[in-house]
Each structure stands twice: as structure tokens, then as C-alpha cells.
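Structure below is protein19.tsv: TSV, C-alpha atoms.
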chain	number	residue	atom	x	y	z
V	1	MET	CA	134.17	-31.97	64.52
V	2	SER	CA	134.15	-28.41	63.21
V	3	GLY	CA	130.98	-26.35	63.05
V	4	HIS	CA	131.24	-26.39	59.28
V	5	SER	CA	131.41	-30.18	59.25
V	6	LYS	CA	128.45	-30.47	61.61
V	7	TRP	CA	126.43	-28.19	59.38
V	8	ALA	CA	127.41	-30.27	56.34
V	9	THR	CA	126.19	-33.40	58.14
V	10	ILE	CA	122.86	-31.73	58.91
V	11	LYS	CA	122.49	-30.69	55.28
V	12	ARG	CA	123.29	-34.22	54.08
V	13	LYS	CA	120.44	-35.54	56.24
V	14	LYS	CA	118.13	-32.94	54.74
V	15	GLY	CA	119.29	-34.16	51.35
V	16	THR	CA	117.19	-37.30	51.83
V	17	ALA	CA	114.09	-35.16	51.47
V	18	ASP	CA	115.63	-33.40	48.47
V	19	ALA	CA	116.17	-36.76	46.80
V	20	LYS	CA	112.53	-37.70	47.30
V	21	ARG	CA	111.51	-34.48	45.57
V	22	GLY	CA	113.90	-35.18	42.74
V	23	GLN	CA	115.81	-31.94	43.27
V	24	LEU	CA	119.06	-33.63	44.23
V	25	PHE	CA	118.87	-36.04	41.30
V	26	THR	CA	118.32	-33.14	38.92
V	27	ARG	CA	121.52	-31.49	40.14
V	28	LEU	CA	123.49	-34.71	39.97
V	29	ALA	CA	122.25	-35.45	36.45
V	30	ARG	CA	123.40	-32.03	35.24
V	31	GLU	CA	126.80	-32.52	36.83
V	32	ILE	CA	127.18	-35.94	35.20
V	33	ALA	CA	126.07	-34.61	31.82
V	34	LEU	CA	128.49	-31.70	32.00
V	35	ALA	CA	131.40	-34.00	32.85
V	36	ALA	CA	130.48	-36.35	30.00
V	37	ARG	CA	130.21	-33.45	27.57
V	38	GLU	CA	133.65	-32.17	28.51
V	39	SER	CA	135.66	-35.40	28.40
V	40	GLY	CA	133.49	-38.26	27.17
V	41	GLY	CA	131.25	-40.89	28.71
V	42	ASP	CA	133.88	-43.35	30.00
V	43	PRO	CA	134.44	-42.91	33.76
V	44	GLU	CA	137.71	-44.87	33.54
V	45	SER	CA	139.29	-42.13	31.44
V	46	ASN	CA	137.13	-39.21	32.61
V	47	PHE	CA	138.03	-38.46	36.21
V	48	LYS	CA	135.42	-35.70	36.61
V	49	LEU	CA	132.69	-38.05	35.38
V	50	ARG	CA	133.78	-40.78	37.76
V	51	LEU	CA	133.62	-38.33	40.65
V	52	ALA	CA	130.13	-37.19	39.64
V	53	MET	CA	128.97	-40.81	39.29
V	54	ASP	CA	130.36	-41.64	42.74
V	55	LYS	CA	128.32	-38.78	44.20
V	56	ALA	CA	125.22	-40.04	42.40
V	57	ARG	CA	125.80	-43.58	43.66
V	58	ALA	CA	126.25	-42.32	47.23
V	59	SER	CA	122.90	-40.52	46.92
V	60	ASN	CA	121.16	-43.66	45.59
V	61	MET	CA	120.43	-42.09	42.22
V	62	PRO	CA	118.84	-44.69	39.90
V	63	LYS	CA	121.21	-46.25	37.38
V	64	GLU	CA	118.84	-45.30	34.54
V	65	GLY	CA	119.11	-41.64	35.53
V	66	VAL	CA	122.91	-41.80	35.50
V	67	GLU	CA	122.96	-43.45	32.07
V	68	ARG	CA	120.48	-40.92	30.69
V	69	ALA	CA	122.61	-38.04	31.99
V	70	ILE	CA	125.74	-39.47	30.34
V	71	LYS	CA	123.90	-39.76	27.01
V	72	ARG	CA	122.75	-36.16	27.37
V	73	GLY	CA	126.31	-35.04	27.89
V	74	THR	CA	127.81	-37.05	25.03
V	75	GLY	CA	125.09	-35.90	22.63
V	76	GLU	CA	123.42	-39.28	22.19
V	77	ASP	CA	120.22	-37.75	23.57
V	78	LYS	CA	119.38	-35.31	20.79
V	79	GLU	CA	116.34	-33.87	22.55
V	80	ALA	CA	118.13	-32.70	25.69
V	81	GLY	CA	119.07	-29.05	26.10
V	82	THR	CA	122.61	-27.73	26.42
V	83	ILE	CA	124.02	-27.30	29.91
V	84	GLU	CA	126.95	-25.25	31.13
V	85	GLN	CA	128.90	-24.63	34.32
V	86	VAL	CA	129.21	-21.05	35.57
V	87	ALA	CA	130.73	-19.55	38.72
V	88	TYR	CA	129.07	-16.46	40.18
V	89	GLU	CA	130.74	-14.31	42.82
V	90	GLY	CA	128.96	-12.25	45.42
V	91	TYR	CA	128.48	-11.17	48.99
V	92	ALA	CA	126.11	-12.31	51.70
V	93	PRO	CA	125.12	-9.95	54.56
V	94	HIS	CA	128.02	-8.63	56.69
V	95	GLY	CA	130.41	-8.74	53.73
V	96	ILE	CA	130.80	-12.53	53.69
V	97	ALA	CA	132.26	-13.76	50.38
V	98	LEU	CA	130.33	-16.30	48.31
V	99	LEU	CA	131.50	-18.33	45.34
V	100	ILE	CA	128.45	-19.93	43.74
V	101	ASP	CA	128.98	-22.93	41.45
V	102	VAL	CA	126.12	-23.29	38.97
V	103	VAL	CA	125.30	-26.06	36.48
V	104	THR	CA	122.38	-24.93	34.34
V	105	ASP	CA	120.59	-25.10	31.02
V	106	ASN	CA	119.37	-21.52	31.45
V	107	ARG	CA	121.98	-19.00	32.60
V	108	ASN	CA	119.51	-16.08	32.67
V	109	ARG	CA	117.18	-17.96	35.03
V	110	ALA	CA	120.05	-18.97	37.30
V	111	VAL	CA	121.54	-15.49	37.72
V	112	SER	CA	118.10	-13.94	38.19
V	113	GLU	CA	117.22	-16.31	41.03
V	114	ILE	CA	120.61	-15.88	42.69
V	115	ARG	CA	120.39	-12.09	42.50
V	116	ARG	CA	116.88	-12.15	43.97
V	117	ILE	CA	117.97	-14.15	47.03
V	118	LEU	CA	121.09	-12.07	47.66
V	119	THR	CA	119.34	-8.73	47.21
V	120	ARG	CA	116.46	-9.69	49.49
V	121	ALA	CA	118.95	-10.66	52.21
V	122	GLY	CA	121.00	-7.47	51.91
V	123	GLY	CA	123.79	-9.03	49.87
V	124	SER	CA	124.79	-8.55	46.24
V	125	LEU	CA	126.33	-10.15	43.18
V	126	GLY	CA	129.92	-9.10	42.51
V	127	GLU	CA	132.04	-8.62	39.43
V	128	GLY	CA	134.11	-11.50	38.08
V	129	GLY	CA	137.27	-11.82	40.17
V	130	SER	CA	135.91	-9.87	43.13
V	131	VAL	CA	135.70	-12.96	45.35
V	132	ALA	CA	137.47	-15.87	43.64
V	133	TRP	CA	140.94	-14.72	44.72
V	134	GLN	CA	139.99	-15.51	48.32
V	135	PHE	CA	139.66	-19.25	47.55
V	136	ALA	CA	141.90	-22.10	46.41
V	137	ARG	CA	140.82	-25.43	44.91
V	138	LYS	CA	141.50	-28.38	47.20
V	139	THR	CA	140.85	-32.10	47.42
V	140	TYR	CA	138.44	-32.97	50.23
V	141	PHE	CA	137.34	-36.24	51.82
V	142	SER	CA	135.06	-36.80	54.80
V	143	VAL	CA	135.35	-40.17	56.57
V	144	PRO	CA	133.15	-41.24	59.51
V	145	VAL	CA	135.07	-42.01	62.70
V	146	ALA	CA	132.73	-44.90	63.48
V	147	GLY	CA	134.26	-48.17	62.33
V	148	HIS	CA	137.66	-46.68	61.54
V	149	ASN	CA	140.95	-46.10	63.34
V	150	PRO	CA	141.53	-42.32	63.16
V	151	ASP	CA	145.29	-42.68	63.56
V	152	ALA	CA	145.45	-45.22	60.72
V	153	VAL	CA	143.33	-42.95	58.48
V	154	PHE	CA	145.60	-40.03	59.35
V	155	GLU	CA	148.75	-41.94	58.39
V	156	LEU	CA	147.18	-43.32	55.22
V	157	ALA	CA	146.03	-39.86	54.10
V	158	VAL	CA	149.37	-38.17	54.78
V	159	ASP	CA	151.27	-40.93	53.00
V	160	ALA	CA	148.97	-40.43	49.99
V	161	GLY	CA	149.68	-36.70	49.82
V	162	ALA	CA	147.24	-35.00	52.22
V	163	ASP	CA	148.49	-31.77	53.75
V	164	ASP	CA	145.86	-31.48	56.51
V	165	VAL	CA	143.80	-34.06	58.41
V	166	GLN	CA	141.29	-32.92	61.04
V	167	ILE	CA	139.97	-35.58	63.40
V	168	GLY	CA	136.70	-34.79	65.15
V	169	LYS	CA	134.37	-36.80	67.34
V	170	GLU	CA	132.29	-38.04	64.41
V	171	THR	CA	134.19	-37.18	61.24
V	172	ILE	CA	137.73	-37.25	59.86
V	173	GLU	CA	138.26	-34.49	57.30
V	174	ILE	CA	141.09	-34.87	54.79
V	175	TYR	CA	142.45	-31.95	52.77
V	176	ALA	CA	145.00	-32.38	49.99
V	177	PRO	CA	146.28	-30.66	46.84
V	178	VAL	CA	144.16	-31.21	43.72
V	179	GLU	CA	146.77	-33.47	42.18
V	180	ALA	CA	146.58	-35.81	45.19
V	181	PHE	CA	142.88	-36.62	44.76
V	182	LYS	CA	143.46	-39.86	42.88
V	183	SER	CA	146.19	-41.13	45.21
V	184	VAL	CA	144.18	-40.42	48.38
V	185	SER	CA	141.03	-41.90	46.81
V	186	GLU	CA	142.86	-45.08	45.77
V	187	ARG	CA	144.48	-45.52	49.19
V	188	LEU	CA	141.12	-45.16	50.92
V	189	ARG	CA	139.51	-47.64	48.51
V	190	LYS	CA	142.28	-50.23	48.98
V	191	ALA	CA	141.88	-49.89	52.75
V	192	GLY	CA	138.15	-50.57	52.43
V	193	ILE	CA	137.22	-47.06	53.53
V	194	THR	CA	134.22	-45.41	51.87
V	195	PRO	CA	134.14	-41.62	52.35
V	196	GLU	CA	130.85	-39.89	53.16
V	197	GLU	CA	131.99	-37.13	50.82
V	198	SER	CA	134.75	-36.84	48.25
V	199	ALA	CA	135.16	-33.76	46.09
V	200	LEU	CA	137.32	-31.12	44.53
V	201	ARG	CA	136.09	-27.93	46.12
V	202	MET	CA	137.05	-24.33	46.78
V	203	GLU	CA	138.40	-23.62	50.26
V	204	PRO	CA	138.80	-20.08	51.66
V	205	ASN	CA	142.33	-18.85	52.30
V	206	GLN	CA	141.05	-17.12	55.44
V	207	GLN	CA	137.76	-17.31	57.31
V	208	THR	CA	135.68	-14.50	58.79
V	209	GLU	CA	133.98	-14.98	62.15
V	210	LEU	CA	130.70	-13.24	63.00
V	211	GLU	CA	128.44	-13.24	66.03
V	212	PRO	CA	126.30	-16.41	66.19
V	213	ASP	CA	123.09	-14.60	65.18
V	214	GLN	CA	124.83	-12.97	62.22
V	215	THR	CA	126.35	-16.32	61.23
V	216	VAL	CA	122.90	-17.93	61.25
V	217	GLN	CA	121.64	-15.12	59.03
V	218	VAL	CA	124.33	-15.91	56.45
V	219	MET	CA	123.82	-19.68	56.78
V	220	LYS	CA	120.14	-19.22	55.91
V	221	VAL	CA	121.10	-17.26	52.80
V	222	ILE	CA	123.49	-20.04	51.76
V	223	GLU	CA	120.80	-22.68	52.29
V	224	SER	CA	118.35	-20.64	50.18
V	225	LEU	CA	120.91	-20.49	47.38
V	226	GLU	CA	121.63	-24.23	47.62
V	227	GLU	CA	117.92	-24.99	47.32
V	228	LEU	CA	117.91	-23.53	43.80
V	229	ASP	CA	117.91	-26.28	41.17
V	230	ASP	CA	120.69	-24.60	39.19
V	231	VAL	CA	123.07	-24.18	42.14
V	232	ASN	CA	125.53	-27.02	42.55
V	233	MET	CA	127.55	-25.72	45.49
V	234	VAL	CA	128.07	-22.54	47.50
V	235	TYR	CA	131.54	-21.84	48.90
V	236	THR	CA	132.04	-19.22	51.60
V	237	ASN	CA	134.72	-17.69	53.80
V	238	LEU	CA	132.33	-17.71	56.77
V	239	LEU	CA	133.68	-19.38	59.92
V	240	ILE	CA	130.84	-21.58	61.18
V	241	THR	CA	131.15	-22.20	64.90
V	242	ASP	CA	129.47	-24.91	66.98
V	243	GLU	CA	127.45	-22.14	68.66
V	244	ALA	CA	126.13	-20.98	65.30
V	245	VAL	CA	125.15	-24.52	64.28
V	246	ALA	CA	123.29	-24.97	67.58
V	247	ALA	CA	121.52	-21.65	67.03
V	248	MET	CA	120.63	-22.66	63.47
V	249	GLU	CA	119.10	-25.95	64.67
V	250	ALA	CA	117.19	-24.14	67.41
V	251	ALA	CA	115.79	-21.73	64.83
V	252	GLY	CA	114.41	-24.69	62.92
Would you encode the structure as C-alpha cells?
Amino acid sequence: MSGHSKWATIKRKKGTADAKRGQLFTRLAREIALAARESGGDPESNFKLRLAMDKARASNMPKEGVERAIKRGTGEDKEAGTIEQVAYEGYAPHGIALLIDVVTDNRNRAVSEIRRILTRAGGSLGEGGSVAWQFARKTYFSVPVAGHNPDAVFELAVDAGADDVQIGKETIEIYAPVEAFKSVSERLRKAGITPEESALRMEPNQQTELEPDQTVQVMKVIESLEELDDVNMVYTNLLITDEAVAAMEAAG
């Protein structure tokens, strides 16, 4: 299991507390509403909406909240504000690239909070295009090893179009082209396999390795950004080693 995957697992566990505070549900609702606004409220014909609803279901978001978010996106809820999706580019300490995916109803608030965190940490916001070229959009699935045959999952994923499958002690990570998302998802579903995570996300073309203490410094900046209500996801070219994850846990 890669350091990055271990860190993701730790963050998912922390997400339970986020859900209790309502922060996670707020993010999910915005993502659902945005998807519904773009392509309608039917998940059967709106792939992005179906993906957002799957994430909400996996996080135990109440059905009423999902339905309310869809109505907000389709315009049935006349009192709800307008939301939009924006990508901000920037740098964490030590020149690490950050691509920050934001879903917000207040762009000025979002960029102000992001700039504050980056500046305080010694990073900065960048111009459009300064960072994005270092990333490519990929299909990603994370499947727990427990209860599954890793070799069978590997073969299934490759047959469905995956171009990389990484088998760790606890997690099987599947990477595929964007156009293979549906085929991999369907093959997993038919095999009775429920991923811990399924998403279209930005993956770095190359990763940068720092010393463990420097890596922890950047990881803390990323966590601070992800705690913002408006921030949906932070992508980075930082190589997160097992040593760095252990140091991060030790630091509390």
C-alpha cells in the first residue's frame, strides 16, 4: 500500500468526524447540485451526478439531503444560491504543485481562504495554467484487499480497460483512462465488488520527493485546504512515502 493510499485511508477515517459536523455533507451536496445543474437530475443519464450520488451514499448522507441538492441544481429550489466549480492552481512550500478543485457559492470567499492558507505556509497561488499541465485526468478505484482475490480483481480491471493496478497489503488501486470509468465500474459491480473510492481525478505526470519532515509540512497544508468548506479536492505532485505518513501520525 503506497504512502499516498495510507494517508487517504487515514483521511477517510477522519471524515467520520467531518460528517458529524456536517462539513462533508455540505461538500457532497454542492457536488451533487453542480452535477444536476450541468446535465439534469436523472442519474441514469447523468454520469457525473451518479458518481456524486455514489460518493454521498458511501458517506451515509441522508436521502433527503441528496434529493434537496438535486432540486437545487435543477432549479426546483428557487431559494438556493448559485454554485460553480473552479480550479485554482498554486504552490505549497518547497515548490510542490497544487491543483485545488473548488465547488462554491462564493468564489471571492473561496479564493481568499485558499490564499490565506498558502501564504501563511510560505506557498502561493499561481496563474491559470501554471500547474495544470503537470496533471492528467484519470479514472481511479480503491478496493479493499480483505474479502477479495487480488489476482481476480487485477484481471477484471485490466480486461475492463485499466492501465495500472497496484496491489498493496490493504488496498488494491486501479487506474484507467477516463473513458474506461463506466466499463471498470460495471465489471466491479457485476462481480459484487464495492470500491471504497471511485472517482475521476487528476494524477500527476511526475512526483516530487522531499525529506519526511518537509513532506509532513506540505501534507499539513493540504489538510488545511481540504478542511475548507469550499474545497472539494486537492491534487498534488508530492510523493508521499510511508515514512512521511508515520511522521504525520506521530505529529498528531
Residue among V:Val231, V:Leu24, V:Leu239, V:Ile117 lying closest to V:Asn60, counting only C-alpha atoms: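 With only C-alpha atoms as the atom set, the closest residue is V:Leu24.
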Proximity to V:Val131 - best of V:Glu38, V:Glu89, V:Glu173, V:Asp164, only C-alpha atoms: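 Checking each of V:Glu38, V:Glu89, V:Glu173, V:Asp164 against V:Val131, counting only C-alpha atoms, the winner is V:Glu89.
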For atom CA of V:Ala191 and atom CA of V:Phe154, the interatomic separation in Å (one decimal):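 It comes out at 12.4 Å.
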Within 9 Å of V:Glu179 using only C-alpha atoms, minus same-chain residues under 2 positions, as a list in words: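 My list of contacting residues is Lys138, Thr139, Gly161, Ala176, Pro177, Phe181, Lys182 and Ser183 of chain V.
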For atom CA of V:Thr119 and atom CA of V:Ala92, the interatomic separation in Å (one decimal): 8.9 Å
Nearest-residue call for V:Leu98, choices V:Gly192, V:Pro212, V:Pro43, V:Gly123, using only C-alpha atoms: V:Gly123
Distance query 8 Å from (121.3, -30.9, 38.4) using all atoms listed in the file, result as a PDB file with C-alpha atoms, keeping the file's coordinate frame:
ATOM      1  CA  GLN V  23     115.810 -31.940  43.270  1.00  0.00           C
ATOM      2  CA  LEU V  24     119.060 -33.630  44.230  1.00  0.00           C
ATOM      3  CA  PHE V  25     118.870 -36.040  41.300  1.00  0.00           C
ATOM      4  CA  THR V  26     118.320 -33.140  38.920  1.00  0.00           C
ATOM      5  CA  ARG V  27     121.520 -31.490  40.140  1.00  0.00           C
ATOM      6  CA  LEU V  28     123.490 -34.710  39.970  1.00  0.00           C
ATOM      7  CA  ALA V  29     122.250 -35.450  36.450  1.00  0.00           C
ATOM      8  CA  ARG V  30     123.400 -32.030  35.240  1.00  0.00           C
ATOM      9  CA  GLU V  31     126.800 -32.520  36.830  1.00  0.00           C
ATOM     10  CA  VAL V 103     125.300 -26.060  36.480  1.00  0.00           C
ATOM     11  CA  THR V 104     122.380 -24.930  34.340  1.00  0.00           C
ATOM     12  CA  ASP V 229     117.910 -26.280  41.170  1.00  0.00           C
ATOM     13  CA  ASP V 230     120.690 -24.600  39.190  1.00  0.00           C
ATOM     14  CA  VAL V 231     123.070 -24.180  42.140  1.00  0.00           C
ATOM     15  CA  ASN V 232     125.530 -27.020  42.550  1.00  0.00           C
TER      16      ASN V 232
END
Axis-aligned box for all listed atoms of stretch 98-116 of chain V, 4 Å per side, centre and edges in Å to one decimal, as AutoDock Vina command-line options:
--center_x 124.2 --center_y -19.1 --center_z 39.7 --size_x 22.6 --size_y 22.0 --size_z 25.3
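If only C-alpha atoms are the atoms counted, then among V:Val111, V:Ala87, V:Leu200, V:Ala58 the closest residue to V:Val178 is V:Leu200.
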Pairwise distance for atom CA of V:Ile167 and atom CA of V:Arg50, rounded to one decimal in Å: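 Atom-to-atom, atom CA of V:Ile167 and atom CA of V:Arg50 are spaced 26.9 Å apart.
Selection around (129.7, -36.6, 28.5) with radius 10 Å, counting only C-alpha atoms, yields the residues V:Glu31, V:Ile32, V:Ala33, V:Leu34, V:Ala35, V:Ala36, V:Arg37, V:Glu38, V:Ser39, V:Gly40, V:Gly41, V:Asp42, V:Pro43, V:Asn46, V:Lys48, V:Leu49, V:Ala69, V:Ile70, V:Lys71, V:Arg72, V:Gly73, V:Thr74, V:Gly75, V:Glu76.
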Need a file for stretch 135-172 of chain V from that block: N, CA and C atoms, written as an mmCIF file, in the first residue's frame.
data_model
loop_
_atom_site.group_PDB
_atom_site.id
_atom_site.type_symbol
_atom_site.label_atom_id
_atom_site.label_comp_id
_atom_site.auth_asym_id
_atom_site.auth_seq_id
_atom_site.Cartn_x
_atom_site.Cartn_y
_atom_site.Cartn_z
ATOM 1 N N PHE V 135 -0.581 17.609 -14.630
ATOM 2 C CA PHE V 135 -1.542 16.585 -14.229
ATOM 3 C C PHE V 135 -2.338 16.087 -15.427
ATOM 4 N N ALA V 136 -2.868 14.882 -15.299
ATOM 5 C CA ALA V 136 -3.749 14.305 -16.319
ATOM 6 C C ALA V 136 -4.941 13.668 -15.613
ATOM 7 N N ARG V 137 -6.131 13.802 -16.196
ATOM 8 C CA ARG V 137 -7.324 13.233 -15.580
ATOM 9 C C ARG V 137 -7.352 11.713 -15.779
ATOM 10 N N LYS V 138 -7.615 11.004 -14.699
ATOM 11 C CA LYS V 138 -7.622 9.542 -14.739
ATOM 12 C C LYS V 138 -8.829 9.004 -13.971
ATOM 13 N N THR V 139 -9.211 7.788 -14.318
ATOM 14 C CA THR V 139 -10.197 7.031 -13.550
ATOM 15 C C THR V 139 -9.476 6.361 -12.394
ATOM 16 N N TYR V 140 -10.086 6.375 -11.214
ATOM 17 C CA TYR V 140 -9.445 5.774 -10.040
ATOM 18 C C TYR V 140 -10.466 4.994 -9.216
ATOM 19 N N PHE V 141 -10.076 3.784 -8.822
ATOM 20 C CA PHE V 141 -10.869 2.972 -7.902
ATOM 21 C C PHE V 141 -9.954 2.436 -6.806
ATOM 22 N N SER V 142 -10.479 2.380 -5.600
ATOM 23 C CA SER V 142 -9.766 1.785 -4.480
ATOM 24 C C SER V 142 -10.620 0.657 -3.921
ATOM 25 N N VAL V 143 -10.067 -0.563 -3.921
ATOM 26 C CA VAL V 143 -10.805 -1.750 -3.473
ATOM 27 C C VAL V 143 -10.060 -2.383 -2.301
ATOM 28 N N PRO V 144 -10.735 -2.668 -1.194
ATOM 29 C CA PRO V 144 -10.056 -3.313 -0.064
ATOM 30 C C PRO V 144 -9.610 -4.729 -0.428
ATOM 31 N N VAL V 145 -8.439 -5.116 0.033
ATOM 32 C CA VAL V 145 -7.940 -6.469 -0.210
ATOM 33 C C VAL V 145 -8.786 -7.489 0.548
ATOM 34 N N ALA V 146 -9.182 -7.112 1.754
ATOM 35 C CA ALA V 146 -9.961 -8.028 2.598
ATOM 36 C C ALA V 146 -11.250 -8.464 1.890
ATOM 37 N N GLY V 147 -11.424 -9.771 1.784
ATOM 38 C CA GLY V 147 -12.627 -10.313 1.185
ATOM 39 C C GLY V 147 -12.580 -10.450 -0.325
ATOM 40 N N HIS V 148 -11.437 -10.095 -0.922
ATOM 41 C CA HIS V 148 -11.330 -10.173 -2.380
ATOM 42 C C HIS V 148 -10.044 -10.882 -2.802
ATOM 43 N N ASN V 149 -10.084 -11.473 -3.980
ATOM 44 C CA ASN V 149 -8.910 -12.121 -4.556
ATOM 45 C C ASN V 149 -8.174 -11.084 -5.401
ATOM 46 N N PRO V 150 -7.010 -10.615 -4.942
ATOM 47 C CA PRO V 150 -6.290 -9.558 -5.669
ATOM 48 C C PRO V 150 -6.007 -9.911 -7.126
ATOM 49 N N ASP V 151 -5.651 -11.159 -7.379
ATOM 50 C CA ASP V 151 -5.365 -11.566 -8.760
ATOM 51 C C ASP V 151 -6.607 -11.473 -9.630
ATOM 52 N N ALA V 152 -7.764 -11.863 -9.070
ATOM 53 C CA ALA V 152 -9.019 -11.803 -9.820
ATOM 54 C C ALA V 152 -9.409 -10.354 -10.089
ATOM 55 N N VAL V 153 -9.200 -9.477 -9.085
ATOM 56 C CA VAL V 153 -9.502 -8.050 -9.269
ATOM 57 C C VAL V 153 -8.579 -7.455 -10.327
ATOM 58 N N PHE V 154 -7.319 -7.867 -10.294
ATOM 59 C CA PHE V 154 -6.343 -7.385 -11.287
ATOM 60 C C PHE V 154 -6.801 -7.748 -12.700
ATOM 61 N N GLU V 155 -7.143 -9.016 -12.911
ATOM 62 C CA GLU V 155 -7.564 -9.467 -14.240
ATOM 63 C C GLU V 155 -8.848 -8.776 -14.685
ATOM 64 N N LEU V 156 -9.788 -8.651 -13.770
ATOM 65 C CA LEU V 156 -11.056 -7.998 -14.083
ATOM 66 C C LEU V 156 -10.818 -6.548 -14.520
ATOM 67 N N ALA V 157 -9.977 -5.839 -13.764
ATOM 68 C CA ALA V 157 -9.722 -4.428 -14.048
ATOM 69 C C ALA V 157 -9.025 -4.242 -15.393
ATOM 70 N N VAL V 158 -8.022 -5.070 -15.658
ATOM 71 C CA VAL V 158 -7.283 -4.963 -16.926
ATOM 72 C C VAL V 158 -8.196 -5.281 -18.107
ATOM 73 N N ASP V 159 -9.009 -6.308 -17.955
ATOM 74 C CA ASP V 159 -9.954 -6.669 -19.021
ATOM 75 C C ASP V 159 -10.945 -5.537 -19.302
ATOM 76 N N ALA V 160 -11.249 -4.751 -18.262
ATOM 77 C CA ALA V 160 -12.218 -3.658 -18.409
ATOM 78 C C ALA V 160 -11.586 -2.369 -18.918
ATOM 79 N N GLY V 161 -10.251 -2.380 -19.069
ATOM 80 C CA GLY V 161 -9.596 -1.199 -19.633
ATOM 81 C C GLY V 161 -8.603 -0.494 -18.742
ATOM 82 N N ALA V 162 -8.342 -1.008 -17.535
ATOM 83 C CA ALA V 162 -7.369 -0.372 -16.642
ATOM 84 C C ALA V 162 -5.967 -0.471 -17.225
ATOM 85 N N ASP V 163 -5.176 0.580 -17.013
ATOM 86 C CA ASP V 163 -3.796 0.541 -17.500
ATOM 87 C C ASP V 163 -2.779 0.425 -16.369
ATOM 88 N N ASP V 164 -3.251 0.403 -15.106
ATOM 89 C CA ASP V 164 -2.343 0.220 -13.977
ATOM 90 C C ASP V 164 -3.146 -0.270 -12.780
ATOM 91 N N VAL V 165 -2.679 -1.351 -12.152
ATOM 92 C CA VAL V 165 -3.309 -1.870 -10.946
ATOM 93 C C VAL V 165 -2.212 -2.102 -9.919
ATOM 94 N N GLN V 166 -2.338 -1.436 -8.760
ATOM 95 C CA GLN V 166 -1.329 -1.552 -7.712
ATOM 96 C C GLN V 166 -1.934 -2.285 -6.521
ATOM 97 N N ILE V 167 -1.341 -3.433 -6.197
ATOM 98 C CA ILE V 167 -1.859 -4.268 -5.121
ATOM 99 C C ILE V 167 -0.996 -4.091 -3.875
ATOM 100 N N GLY V 168 -1.599 -3.568 -2.823
ATOM 101 C CA GLY V 168 -0.903 -3.391 -1.557
ATOM 102 C C GLY V 168 -1.390 -4.389 -0.534
ATOM 103 N N LYS V 169 -0.953 -4.223 0.717
ATOM 104 C CA LYS V 169 -1.350 -5.143 1.766
ATOM 105 C C LYS V 169 -2.819 -4.983 2.136
ATOM 106 N N GLU V 170 -3.328 -3.755 2.040
ATOM 107 C CA GLU V 170 -4.705 -3.496 2.456
ATOM 108 C C GLU V 170 -5.613 -3.042 1.321
ATOM 109 N N THR V 171 -5.026 -2.468 0.284
ATOM 110 C CA THR V 171 -5.824 -1.837 -0.765
ATOM 111 C C THR V 171 -5.337 -2.193 -2.160
ATOM 112 N N ILE V 172 -6.271 -2.353 -3.076
ATOM 113 C CA ILE V 172 -5.968 -2.528 -4.499
ATOM 114 C C ILE V 172 -6.380 -1.230 -5.193
#
